[in-house]
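Heads up, upload.cif below (mmCIF, C-alpha atoms and all ligand atoms):
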data_data
#
loop_
_atom_site.label_atom_id
_atom_site.label_comp_id
_atom_site.auth_asym_id
_atom_site.auth_seq_id
_atom_site.Cartn_x
_atom_site.Cartn_y
_atom_site.Cartn_z
CA MET A 1 162.93 83.53 117.69
CA LEU A 2 159.84 85.63 117.11
CA GLY A 3 156.38 84.17 117.59
CA VAL A 4 152.85 85.45 116.99
CA SER A 5 152.48 88.92 118.54
CA THR A 6 150.72 89.21 121.88
CA ARG A 7 147.93 91.14 120.13
CA LEU A 8 147.10 88.23 117.85
CA ALA A 9 148.20 85.16 119.79
CA PRO A 10 144.83 84.80 121.58
CA PHE A 11 143.02 84.32 118.26
CA GLY A 12 144.88 81.24 116.97
CA THR A 13 144.02 79.96 113.48
CA THR A 14 140.55 80.90 112.23
CA ILE A 15 138.00 78.14 112.66
CA PHE A 16 137.28 78.31 108.90
CA SER A 17 140.80 77.19 107.99
CA GLU A 18 140.72 74.54 110.72
CA MET A 19 137.39 72.99 109.70
CA THR A 20 138.08 73.23 105.97
CA ALA A 21 141.40 71.38 106.47
CA LEU A 22 139.62 68.72 108.56
CA ALA A 23 136.90 68.38 105.91
CA LEU A 24 139.53 67.85 103.19
CA LYS A 25 141.39 65.30 105.31
CA HIS A 26 138.25 63.21 105.85
CA GLY A 27 136.65 63.75 102.46
CA ALA A 28 133.72 65.47 104.20
CA VAL A 29 131.12 67.60 102.45
CA ASN A 30 132.12 71.10 103.55
CA LEU A 31 129.08 72.83 105.05
CA ALA A 32 131.49 74.63 107.38
CA GLN A 33 133.05 77.58 105.57
CA GLY A 34 130.53 79.90 103.92
CA PHE A 35 131.44 79.76 100.27
CA PRO A 36 129.42 78.53 97.28
CA ASP A 37 130.47 75.41 95.39
CA PHE A 38 129.40 77.14 92.16
CA ASP A 39 130.38 80.28 90.30
CA GLY A 40 128.53 83.56 89.98
CA PRO A 41 127.18 84.98 86.69
CA GLU A 42 129.20 84.15 83.62
CA PHE A 43 129.09 87.67 82.16
CA ALA A 44 131.14 88.84 85.14
CA ARG A 45 133.96 86.47 84.20
CA VAL A 46 133.81 87.86 80.65
CA SER A 47 134.00 91.41 82.07
CA LEU A 48 137.01 90.38 84.12
CA ALA A 49 138.79 88.98 81.05
CA ASP A 50 137.92 92.22 79.18
CA ALA A 51 139.31 94.34 82.04
CA VAL A 52 142.60 92.46 81.82
CA ALA A 53 142.66 92.68 78.00
CA GLN A 54 141.92 96.41 78.15
CA GLY A 55 145.00 96.96 80.30
CA HIS A 56 143.67 97.63 83.80
CA ASN A 57 146.66 95.78 85.11
CA GLN A 58 148.57 98.36 87.13
CA TYR A 59 147.77 99.76 90.57
CA GLY A 60 144.28 101.17 90.79
CA PRO A 61 143.63 104.48 92.59
CA MET A 62 143.89 104.24 96.39
CA PRO A 63 140.16 104.93 97.10
CA GLY A 64 139.11 102.48 94.38
CA ALA A 65 138.42 102.67 90.64
CA PRO A 66 136.10 105.68 90.04
CA VAL A 67 133.80 103.62 87.81
CA LEU A 68 133.23 101.14 90.67
CA ARG A 69 132.73 103.82 93.31
CA ARG A 70 130.10 105.44 91.07
CA ALA A 71 128.34 102.08 90.63
CA ILE A 72 128.32 101.50 94.40
CA ALA A 73 126.95 105.00 95.08
CA ALA A 74 124.16 104.60 92.49
CA ASP A 75 123.20 101.19 93.84
CA PHE A 76 123.17 102.40 97.46
CA ALA A 77 121.08 105.46 96.54
CA ALA A 78 118.55 103.28 94.73
CA ARG A 79 118.19 100.69 97.49
CA ALA A 80 118.87 102.56 100.74
CA GLY A 81 117.64 105.97 99.60
CA VAL A 82 120.93 107.46 100.84
CA GLN A 83 122.86 109.75 98.47
CA THR A 84 126.64 109.58 98.74
CA ASP A 85 129.57 111.27 97.04
CA PRO A 86 131.63 108.48 95.42
CA ASP A 87 134.81 110.59 95.56
CA ARG A 88 134.68 111.51 99.22
CA GLU A 89 132.53 108.84 100.85
CA ILE A 90 133.29 105.48 99.25
CA THR A 91 136.43 103.38 99.62
CA VAL A 92 136.94 100.07 97.82
CA THR A 93 138.69 97.46 99.96
CA CYS A 94 140.06 93.96 99.67
CA GLY A 95 136.80 92.30 100.69
CA CYS A 96 134.73 93.39 103.64
CA THR A 97 137.41 91.84 105.85
CA GLU A 98 139.86 94.58 104.95
CA ALA A 99 137.15 97.21 105.43
CA ILE A 100 136.57 95.94 108.99
CA ALA A 101 140.29 96.16 109.76
CA ALA A 102 140.61 99.60 108.14
CA VAL A 103 137.64 100.91 110.14
CA MET A 104 139.16 99.78 113.41
CA LEU A 105 142.78 100.74 112.67
CA GLY A 106 141.79 104.06 111.14
CA LEU A 107 139.25 105.23 113.71
CA ILE A 108 139.75 103.46 117.06
CA ASN A 109 142.34 104.56 119.61
CA PRO A 110 143.78 102.35 122.33
CA GLY A 111 141.23 102.00 125.13
CA ASP A 112 138.23 103.03 123.01
CA GLU A 113 135.28 100.68 123.45
CA VAL A 114 133.47 98.94 120.61
CA VAL A 115 130.15 97.19 121.20
CA LEU A 116 129.82 93.83 119.42
CA PHE A 117 126.91 91.41 119.38
CA GLU A 118 127.92 87.86 120.17
CA PRO A 119 128.07 85.51 118.33
CA PHE A 120 130.13 87.67 115.94
CA TYR A 121 131.97 87.25 112.65
CA ASP A 122 135.39 86.25 113.92
CA SER A 123 137.45 89.04 112.37
CA TYR A 124 135.58 91.73 114.38
CA ARG A 125 137.17 90.89 117.65
CA ALA A 126 140.67 90.49 116.20
CA ALA A 127 140.35 93.82 114.34
CA VAL A 128 139.30 95.62 117.54
CA ALA A 129 142.30 94.05 119.31
CA MET A 130 144.70 95.03 116.49
CA ALA A 131 143.61 98.64 117.01
CA GLY A 132 144.09 98.38 120.80
CA GLY A 133 140.35 98.84 121.35
CA VAL A 134 138.26 97.10 123.97
CA ALA A 135 135.29 95.00 122.82
CA ARG A 136 132.13 94.88 124.92
CA PHE A 137 129.62 92.17 124.15
CA VAL A 138 125.85 91.92 123.95
CA ALA A 139 124.42 88.42 123.53
CA LEU A 140 122.04 87.35 120.80
CA ARG A 141 120.19 84.46 122.40
CA PRO A 142 118.24 81.70 120.66
CA PRO A 143 114.56 82.49 120.50
CA ARG A 144 112.00 80.87 122.73
CA SER A 145 109.68 80.49 119.75
CA ASP A 146 110.73 78.95 116.44
CA GLY A 147 110.05 81.96 114.21
CA PRO A 148 112.61 82.64 111.46
CA GLY A 149 115.69 84.65 112.33
CA ALA A 150 114.44 85.43 115.79
CA PHE A 151 117.64 85.44 117.87
CA GLU A 152 117.06 88.19 120.42
CA PHE A 153 119.07 90.63 122.51
CA ASP A 154 118.09 92.09 125.82
CA GLU A 155 117.47 95.84 125.66
CA ALA A 156 118.89 96.43 129.16
CA GLU A 157 122.08 94.54 128.25
CA LEU A 158 122.50 96.67 125.13
CA ARG A 159 121.91 99.92 127.03
CA ALA A 160 124.41 98.86 129.70
CA ALA A 161 127.08 98.13 127.07
CA PHE A 162 127.26 101.85 126.22
CA THR A 163 129.73 103.62 128.52
CA PRO A 164 131.49 107.00 128.34
CA ARG A 165 134.34 105.22 126.51
CA THR A 166 132.10 103.71 123.79
CA LYS A 167 133.09 104.97 120.34
CA MET A 168 131.50 102.44 118.03
CA ILE A 169 128.93 99.68 117.70
CA LEU A 170 129.13 97.03 115.00
CA VAL A 171 125.82 95.70 113.71
CA ASN A 172 125.82 92.83 111.25
CA THR A 173 122.46 92.46 109.56
CA PRO A 174 121.55 89.97 108.14
CA HIS A 175 123.60 88.30 110.83
CA ASN A 176 126.23 85.59 110.52
CA PRO A 177 125.99 83.03 112.12
CA THR A 178 122.41 83.27 113.46
CA GLY A 179 120.57 84.24 110.26
CA LYS A 180 118.88 87.03 112.20
CA VAL A 181 117.61 90.04 110.27
CA PHE A 182 117.45 92.97 112.68
CA THR A 183 113.94 94.42 112.87
CA ARG A 184 112.99 98.04 112.41
CA ALA A 185 112.35 98.41 116.15
CA GLU A 186 115.76 96.92 117.03
CA LEU A 187 117.60 99.17 114.57
CA GLN A 188 115.60 102.14 115.81
CA LEU A 189 116.75 101.45 119.36
CA ILE A 190 120.38 101.10 118.21
CA ALA A 191 120.10 104.35 116.25
CA GLU A 192 118.69 106.19 119.28
CA LEU A 193 121.50 104.91 121.50
CA CYS A 194 124.12 105.96 118.92
CA VAL A 195 122.66 109.45 118.62
CA HIS A 196 122.29 109.80 122.40
CA HIS A 197 125.86 108.67 123.16
CA GLY A 198 127.53 110.21 120.09
CA VAL A 199 128.62 106.78 118.88
CA VAL A 200 129.47 105.68 115.33
CA ALA A 201 127.67 102.61 113.94
CA VAL A 202 129.31 100.17 111.57
CA ALA A 203 126.69 98.26 109.58
CA ASP A 204 128.16 95.09 108.08
CA GLU A 205 125.65 94.33 105.33
CA VAL A 206 127.50 91.68 103.31
CA TYR A 207 124.33 89.52 103.28
CA GLU A 208 122.04 92.47 102.45
CA HIS A 209 120.49 90.73 99.43
CA LEU A 210 120.13 87.28 100.97
CA VAL A 211 116.82 87.56 102.83
CA PHE A 212 113.89 85.13 102.73
CA GLU A 213 111.00 86.52 104.77
CA PRO A 214 108.76 89.20 103.20
CA ASN A 215 107.91 90.56 106.66
CA LEU A 216 111.60 90.86 107.62
CA PRO A 217 113.21 92.91 104.83
CA HIS A 218 116.81 94.08 105.13
CA LEU A 219 116.93 97.64 106.47
CA HIS A 220 119.93 99.95 106.10
CA LEU A 221 121.00 101.51 109.39
CA ALA A 222 122.36 104.55 107.49
CA SER A 223 118.80 105.40 106.43
CA PHE A 224 117.52 105.80 110.03
CA GLU A 225 117.01 109.31 111.37
CA GLY A 226 120.23 110.89 112.57
CA MET A 227 122.34 107.98 111.30
CA ARG A 228 123.53 109.16 107.86
CA LYS A 229 126.37 111.16 109.43
CA ARG A 230 127.40 108.49 111.93
CA THR A 231 127.09 105.23 109.99
CA ILE A 232 129.77 103.33 108.11
CA THR A 233 128.10 100.83 105.77
CA LEU A 234 130.22 97.86 104.74
CA SER A 235 129.41 95.36 102.05
CA SER A 236 131.10 93.24 99.43
CA LEU A 237 130.66 91.39 96.21
CA GLY A 238 131.51 87.96 97.57
CA LYS A 239 128.22 86.82 99.10
CA THR A 240 125.88 88.68 96.74
CA PHE A 241 127.39 87.38 93.52
CA SER A 242 129.06 84.12 94.60
CA TYR A 243 132.54 85.45 93.95
CA THR A 244 134.03 85.23 97.43
CA GLY A 245 137.51 84.78 95.94
CA TRP A 246 137.41 88.15 94.16
CA LYS A 247 137.69 89.95 97.48
CA ILE A 248 136.06 93.20 96.43
CA GLY A 249 134.44 95.03 99.34
CA TRP A 250 133.68 98.63 100.24
CA ALA A 251 133.03 101.12 103.00
CA ILE A 252 130.46 103.91 102.60
CA ALA A 253 130.93 106.63 105.20
CA PRO A 254 130.75 110.41 105.64
CA GLU A 255 133.90 112.28 104.65
CA GLY A 256 135.40 112.59 108.17
CA LEU A 257 135.02 108.86 108.85
CA THR A 258 136.19 107.99 105.34
CA ALA A 259 139.40 109.94 106.09
CA GLY A 260 140.15 107.51 108.94
CA ILE A 261 139.28 104.44 106.86
CA ARG A 262 141.52 105.59 103.99
CA ALA A 263 144.35 106.50 106.40
CA ALA A 264 144.52 102.79 107.27
CA HIS A 265 143.57 101.37 103.84
CA GLN A 266 146.43 103.18 102.05
CA PHE A 267 148.93 101.25 104.19
CA LEU A 268 147.06 97.95 104.42
CA THR A 269 146.52 97.11 100.74
CA PHE A 270 146.45 100.53 99.00
CA SER A 271 143.97 99.09 96.50
CA PRO A 272 142.50 95.66 95.71
CA ALA A 273 143.11 93.87 92.40
CA HIS A 274 142.42 96.43 89.70
CA PRO A 275 140.81 94.25 86.98
CA MET A 276 138.41 92.79 89.58
CA GLN A 277 137.25 96.34 90.36
CA HIS A 278 136.34 96.95 86.72
CA ALA A 279 134.50 93.65 86.49
CA ALA A 280 132.65 94.54 89.72
CA ALA A 281 131.62 97.87 88.20
CA ALA A 282 129.99 96.00 85.30
CA LEU A 283 128.41 93.41 87.60
CA ILE A 284 126.71 95.61 90.20
CA PRO A 285 124.26 97.49 87.92
CA ALA A 286 123.39 94.35 85.94
CA GLY A 287 123.29 91.85 88.78
CA ALA A 288 119.59 91.78 89.78
CA PRO A 289 118.66 88.59 87.84
CA ALA A 290 121.66 86.73 89.29
CA ILE A 291 120.70 87.83 92.80
CA ALA A 292 117.10 86.70 92.30
CA GLU A 293 118.30 83.31 91.08
CA LEU A 294 120.65 82.91 94.06
CA VAL A 295 117.97 83.88 96.58
CA ALA A 296 115.55 81.34 95.03
CA LEU A 297 118.16 78.59 95.33
CA LEU A 298 118.99 79.57 98.91
CA ARG A 299 115.34 79.70 99.95
CA SER A 300 114.79 76.18 98.68
CA ASN A 301 118.11 74.93 100.14
CA ARG A 302 117.16 76.41 103.50
CA GLU A 303 113.97 74.33 103.60
CA PHE A 304 115.76 71.20 102.45
CA LEU A 305 118.66 71.36 104.91
CA ALA A 306 116.41 72.41 107.81
CA GLY A 307 114.26 69.36 107.11
CA VAL A 308 117.22 66.98 107.14
CA LEU A 309 118.69 68.49 110.32
CA ARG A 310 115.31 68.10 112.04
CA GLU A 311 115.08 64.48 110.89
CA ILE A 312 118.36 63.64 112.66
CA GLY A 313 117.13 65.24 115.87
CA LEU A 314 118.52 68.77 115.85
CA ARG A 315 116.45 71.82 116.81
CA VAL A 316 116.70 74.19 113.87
CA PHE A 317 116.63 77.98 114.21
CA MET A 318 115.32 78.94 110.82
CA PRO A 319 117.39 81.81 109.40
CA ALA A 320 115.57 84.84 107.96
CA GLY A 321 118.68 85.80 105.99
CA THR A 322 122.31 84.83 105.13
CA TYR A 323 123.14 81.29 104.08
CA PHE A 324 123.66 79.67 107.46
CA ILE A 325 121.49 77.55 109.69
CA MET A 326 122.16 77.39 113.41
CA ALA A 327 120.93 74.19 115.02
CA ASP A 328 120.87 72.95 118.61
CA HIS A 329 122.43 69.50 119.08
CA SER A 330 121.81 69.20 122.82
CA GLY A 331 118.58 67.24 122.36
CA LEU A 332 120.17 64.42 120.33
CA ASP A 333 119.12 60.99 121.40
CA ARG A 334 122.16 59.72 123.32
CA LYS A 335 120.68 56.21 123.40
CA ASN A 336 121.23 56.00 119.66
CA PRO A 337 124.18 53.56 119.44
CA LYS A 338 125.41 55.46 116.38
CA LEU A 339 126.26 58.40 118.63
CA ALA A 340 128.36 56.36 121.07
CA GLY A 341 131.34 58.30 122.40
CA LEU A 342 129.96 61.72 121.53
CA THR A 343 130.19 64.18 124.44
CA ALA A 344 126.99 66.10 125.06
CA GLY A 345 127.04 69.90 125.00
CA ASP A 346 130.40 70.33 123.28
CA ASP A 347 130.08 71.95 119.89
CA ARG A 348 133.73 71.40 118.94
CA ALA A 349 133.45 67.68 119.70
CA PHE A 350 130.14 67.49 117.83
CA CYS A 351 131.47 69.23 114.70
CA ARG A 352 134.68 67.18 114.69
CA TRP A 353 132.63 64.00 115.05
CA LEU A 354 130.31 65.04 112.23
CA THR A 355 133.29 65.74 109.98
CA GLU A 356 135.28 62.63 110.83
CA HIS A 357 132.52 60.01 111.26
CA VAL A 358 129.60 61.30 109.20
CA GLY A 359 131.53 63.10 106.47
CA VAL A 360 129.71 66.44 106.83
CA ALA A 361 131.63 69.45 108.17
CA ALA A 362 129.97 72.19 110.23
CA ILE A 363 131.30 75.08 112.31
CA PRO A 364 131.31 75.02 116.12
CA PRO A 365 129.94 78.48 116.93
CA SER A 366 131.34 78.81 120.47
CA VAL A 367 134.42 80.38 118.82
CA PHE A 368 132.20 83.31 117.83
CA TYR A 369 131.39 84.16 121.45
CA ASP A 370 133.19 86.00 124.22
CA ARG A 371 131.28 83.65 126.53
CA PRO A 372 131.78 80.37 124.62
CA GLU A 373 129.32 78.56 126.87
CA LEU A 374 126.52 80.46 125.08
CA GLY A 375 127.31 78.52 121.90
CA HIS A 376 128.26 75.08 123.13
CA HIS A 377 124.89 73.56 122.24
CA LEU A 378 124.92 74.92 118.68
CA ALA A 379 126.38 74.06 115.27
CA ARG A 380 126.40 76.18 112.09
CA PHE A 381 125.71 74.70 108.66
CA ALA A 382 126.18 76.60 105.36
CA PHE A 383 123.59 75.96 102.64
CA VAL A 384 125.09 77.98 99.77
CA LYS A 385 125.71 74.76 97.87
CA LYS A 386 124.45 72.97 94.77
CA ARG A 387 121.39 70.89 95.58
CA ALA A 388 123.40 67.74 94.74
CA THR A 389 125.92 68.67 97.47
CA LEU A 390 123.16 69.06 100.04
CA GLU A 391 121.58 65.78 98.90
CA GLU A 392 124.90 64.00 99.46
CA SER A 393 125.09 65.56 102.96
CA ALA A 394 121.54 64.37 103.61
CA ARG A 395 122.41 60.84 102.52
CA ARG A 396 125.41 60.75 104.87
CA LEU A 397 123.53 62.26 107.81
CA ARG A 398 120.53 59.94 107.45
CA SER A 399 122.69 56.86 107.15
CA SER A 400 124.89 57.79 110.15
CA PHE A 401 121.87 58.53 112.31
CA GLY A 402 120.14 55.33 111.25
CA ILE A 403 117.29 56.98 109.34
CA ALA A 404 115.94 55.42 106.16
CA GLY A 405 116.12 58.11 103.49
C1 LIG B 1 129.46 89.02 108.52
C2 LIG B 1 130.62 88.97 107.58
N1 LIG B 1 131.32 90.09 107.36
C3 LIG B 1 132.37 90.10 106.53
C4 LIG B 1 132.76 88.96 105.86
C5 LIG B 1 133.97 89.00 104.96
O1 LIG B 1 133.62 89.41 103.70
P1 LIG B 1 134.68 89.33 102.50
O2 LIG B 1 134.71 87.93 102.02
O3 LIG B 1 134.13 90.29 101.51
O4 LIG B 1 136.00 89.77 103.05
C6 LIG B 1 132.05 87.77 106.06
C7 LIG B 1 132.47 86.53 105.38
O5 LIG B 1 132.13 85.43 105.78
C8 LIG B 1 130.95 87.78 106.94
O6 LIG B 1 130.24 86.68 107.16
#
Spit out the file's structure as structure tokens when you get a sec.
Amino acid sequence: MLGVSTRLAPFGTTIFSEMTALALKHGAVNLAQGFPDFDGPEFARVSLADAVAQGHNQYGPMPGAPVLRRAIAADFAARAGVQTDPDREITVTCGCTEAIAAVMLGLINPGDEVVLFEPFYDSYRAAVAMAGGVARFVALRPPRSDGPGAFEFDEAELRAAFTPRTKMILVNTPHNPTGKVFTRAELQLIAELCVHHGVVAVADEVYEHLVFEPNLPHLHLASFEGMRKRTITLSSLGKTFSYTGWKIGWAIAPEGLTAGIRAAHQFLTFSPAHPMQHAAAALIPAGAPAIAELVALLRSNREFLAGVLREIGLRVFMPAGTYFIMADHSGLDRKNPKLAGLTAGDDRAFCRWLTEHVGVAAIPPSVFYDRPELGHHLARFAFVKKRATLEESARRLRSSFGIAG
């Protein structure tokens, strides 16, 4: 009998499926997987119905529907100040997840090294492995101060991660799961290292619109000096417009890099769902009010959830972007009889306990590390939820931790 291939066996089932199944089993409020419990703008659903009615129901073109590629190029030019040719430099993919796989499979050869920051979005490491590449890791460590989004990397560790075999670095900003928004100085350093070592940068910008601190705006790596020709910018519709199930993503890259991405994409999915692409083309240019509304909700949810997590005794690392809060559970009061039986310093045990006994599911972030011990004291909570959902989580947390609410 065949089993899971040796390339993929080490990765098991993604933690998102595992925690979501556990949350369903225990009737827990799911603050684990990062998806909204509400829909995006209604006009987009009308556009989708129109696209189906108008007959966009057969295979779309392999690089993506031209109308969508033009919309993506116009939007990127307006926001990043980077002009791109939608025919030669933009590929529409089945979510950003497919774009990540296509980048690795289309451009990385066995033995090539790819620098990843840890913690990382879990598909990065699997995609590098599927391509036969070798991942090298640079840690983002919790900040000493409590400023928003301030997870930090060590410059010497980053410099040392670049070797003669390094072909690519993947930078996710705003960053899941830490909520870090990379600063201008950090991106400048990354850009200089890429130029110096002739390395390609992949900028995963799926949370590009979801930023909360005026002094920490999202910056596009492709707009840094020398980076236009060596940056692949990835993004998607899912996080920005609360349509994670539509799975429309894209890769913006110079022609030579796009050739590699498309070489893989044509055999992975060929093209994502065609009517969704037409609806996305209508949504992107008209989406600003919906984005503003979402960011306002997230900003207020961030404050609310951070407050509740602090009340129960967690140290909160306030995110500057994304819709996740990382919190440190190592300082919990073990004398609290309500916490009897909970092992200290084990994020998996903590998140299972929260799901099963409190009825609130979170993600144990050690699975996002090459060195899991760096994440054992942490838990990740998603706050892209209706306020009523967060209030129900607050009620359960306060009552389980013995706090009058
Ligand atoms: C950093 C990051 N990149 C990519 C993705 C996947 O995006 P999509 O849903 O468009 O495939 C996610 C989803 O959680 C993510 O957090």
**Request:** May I have the residues at most 12 Å from (128.1, 92.3, 126.7) in the file's coordinates, counting all atoms listed in the file, as an MDAnalysis selection string?
**Result:** chainID A and resid 113:120 134:141 153:163 169 369:371
How about saving the chosen residues, C-alpha atoms kept, as a PDB file, in the frame of the given file?
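File produced: again_24.pdb:
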ATOM      1  CA  GLU A 113     135.280 100.680 123.450  1.00  0.00           C
ATOM      2  CA  VAL A 114     133.470  98.940 120.610  1.00  0.00           C
ATOM      3  CA  VAL A 115     130.150  97.190 121.200  1.00  0.00           C
ATOM      4  CA  LEU A 116     129.820  93.830 119.420  1.00  0.00           C
ATOM      5  CA  PHE A 117     126.910  91.410 119.380  1.00  0.00           C
ATOM      6  CA  GLU A 118     127.920  87.860 120.170  1.00  0.00           C
ATOM      7  CA  PRO A 119     128.070  85.510 118.330  1.00  0.00           C
ATOM      8  CA  PHE A 120     130.130  87.670 115.940  1.00  0.00           C
ATOM      9  CA  VAL A 134     138.260  97.100 123.970  1.00  0.00           C
ATOM     10  CA  ALA A 135     135.290  95.000 122.820  1.00  0.00           C
ATOM     11  CA  ARG A 136     132.130  94.880 124.920  1.00  0.00           C
ATOM     12  CA  PHE A 137     129.620  92.170 124.150  1.00  0.00           C
ATOM     13  CA  VAL A 138     125.850  91.920 123.950  1.00  0.00           C
ATOM     14  CA  ALA A 139     124.420  88.420 123.530  1.00  0.00           C
ATOM     15  CA  LEU A 140     122.040  87.350 120.800  1.00  0.00           C
ATOM     16  CA  ARG A 141     120.190  84.460 122.400  1.00  0.00           C
ATOM     17  CA  PHE A 153     119.070  90.630 122.510  1.00  0.00           C
ATOM     18  CA  ASP A 154     118.090  92.090 125.820  1.00  0.00           C
ATOM     19  CA  GLU A 155     117.470  95.840 125.660  1.00  0.00           C
ATOM     20  CA  ALA A 156     118.890  96.430 129.160  1.00  0.00           C
ATOM     21  CA  GLU A 157     122.080  94.540 128.250  1.00  0.00           C
ATOM     22  CA  LEU A 158     122.500  96.670 125.130  1.00  0.00           C
ATOM     23  CA  ARG A 159     121.910  99.920 127.030  1.00  0.00           C
ATOM     24  CA  ALA A 160     124.410  98.860 129.700  1.00  0.00           C
ATOM     25  CA  ALA A 161     127.080  98.130 127.070  1.00  0.00           C
ATOM     26  CA  PHE A 162     127.260 101.850 126.220  1.00  0.00           C
ATOM     27  CA  THR A 163     129.730 103.620 128.520  1.00  0.00           C
ATOM     28  CA  ILE A 169     128.930  99.680 117.700  1.00  0.00           C
ATOM     29  CA  TYR A 369     131.390  84.160 121.450  1.00  0.00           C
ATOM     30  CA  ASP A 370     133.190  86.000 124.220  1.00  0.00           C
ATOM     31  CA  ARG A 371     131.280  83.650 126.530  1.00  0.00           C
TER      32      ARG A 371
END
Hey, can I get the axis-aligned box for ligand LIG 1 (chain B)? All listed atoms, 4 Å padding on each side, centre and edge lengths in Å to one decimal, as JSON.
{"center_x": 132.7, "center_y": 87.9, "center_z": 105.0, "size_x": 14.5, "size_y": 12.9, "size_z": 15.0}
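Of the listed residues A:His218, A:Met168, A:Asn176, A:Val82, the one whose atoms come nearest to Cys194 of chain A is A:Met168, with distances taken using all atoms listed in the file.
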**Proximity to Thr14 of chain A - best of A:Val181, A:Leu332, A:Ala404, A:Ile363, only C-alpha atoms** =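 Smallest separation from Thr14 of chain A among the options: A:Ile363.
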**Item:** Spatial neighbours of segment 30-44 of chain A, 8 Å, all atoms listed in the file, chain gap at least 3 places, as a ChimeraX atom specification
**Value:** /A:16,19-20,23,47-48,239,241-244,279-280,282-283,290,323-324,360-363,380-386
**Message:** Which residue is closest to ligand LIG 1 (chain B)? Choose from A:Ala286, A:Met104, A:Val206, A:Met227 and count all atoms listed in the file.
**Reply:** A:Val206
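Distance check against ligand LIG 1 (chain B) using all atoms listed in the file: of A:Val195, A:Leu237, A:Ala127, A:Leu216, the minimum falls on A:Leu237.
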**Complete:** Residue with the minimum atom-to-atom distance to ligand LIG 1 (chain B), picked from A:Tyr59, A:Phe368, A:Phe224, A:Phe350 with only C-alpha atoms and all ligand atoms counted, is A:Phe368
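The nearest approach to Ala99 of chain A among the residues A:Lys335, A:His278, A:Arg262, A:Arg348, with all atoms listed in the file taken into account, belongs to A:Arg262.
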Determine, using all atoms listed in the file, which residues of chain A have any atom at most 7 Å from an atom of ligand LIG 1 (chain B), and tabulate each with its shortest atom pair and distance in Å to one decimal place, rows ordered by chain and then rising number, as a tab-separated table.
residue	atom	partner	partner_atom	distance
A:Gly34	CA	B:LIG1	O5	6.0
A:Cys94	CA	B:LIG1	O4	6.7
A:Gly95	CA	B:LIG1	O3	3.4
A:Cys96	CA	B:LIG1	O3	3.8
A:Thr97	CA	B:LIG1	O4	3.8
A:Glu98	CA	B:LIG1	O4	6.5
A:Tyr121	CA	B:LIG1	C1	5.1
A:Asn172	CA	B:LIG1	C1	5.9
A:His175	CA	B:LIG1	C1	6.3
A:Asn176	CA	B:LIG1	C1	5.1
A:Asp204	CA	B:LIG1	N1	6.0
A:Val206	CA	B:LIG1	N1	5.8
A:Ser235	CA	B:LIG1	O3	6.9
A:Ser236	CA	B:LIG1	O3	4.7
A:Leu237	CA	B:LIG1	O3	6.4
A:Gly238	CA	B:LIG1	O3	5.3
A:Thr244	CA	B:LIG1	O2	5.4
A:Lys247	CA	B:LIG1	O3	5.4
A:Ile248	CA	B:LIG1	O3	6.2
A:Gly249	CA	B:LIG1	O3	5.2
**Item:** Neighbours of point (124.7, 57.6, 109.8) within 10 Å, using only C-alpha atoms, written as a ChimeraX atom specification
**Value:** /A:312,338-339,354,357-359,394-404
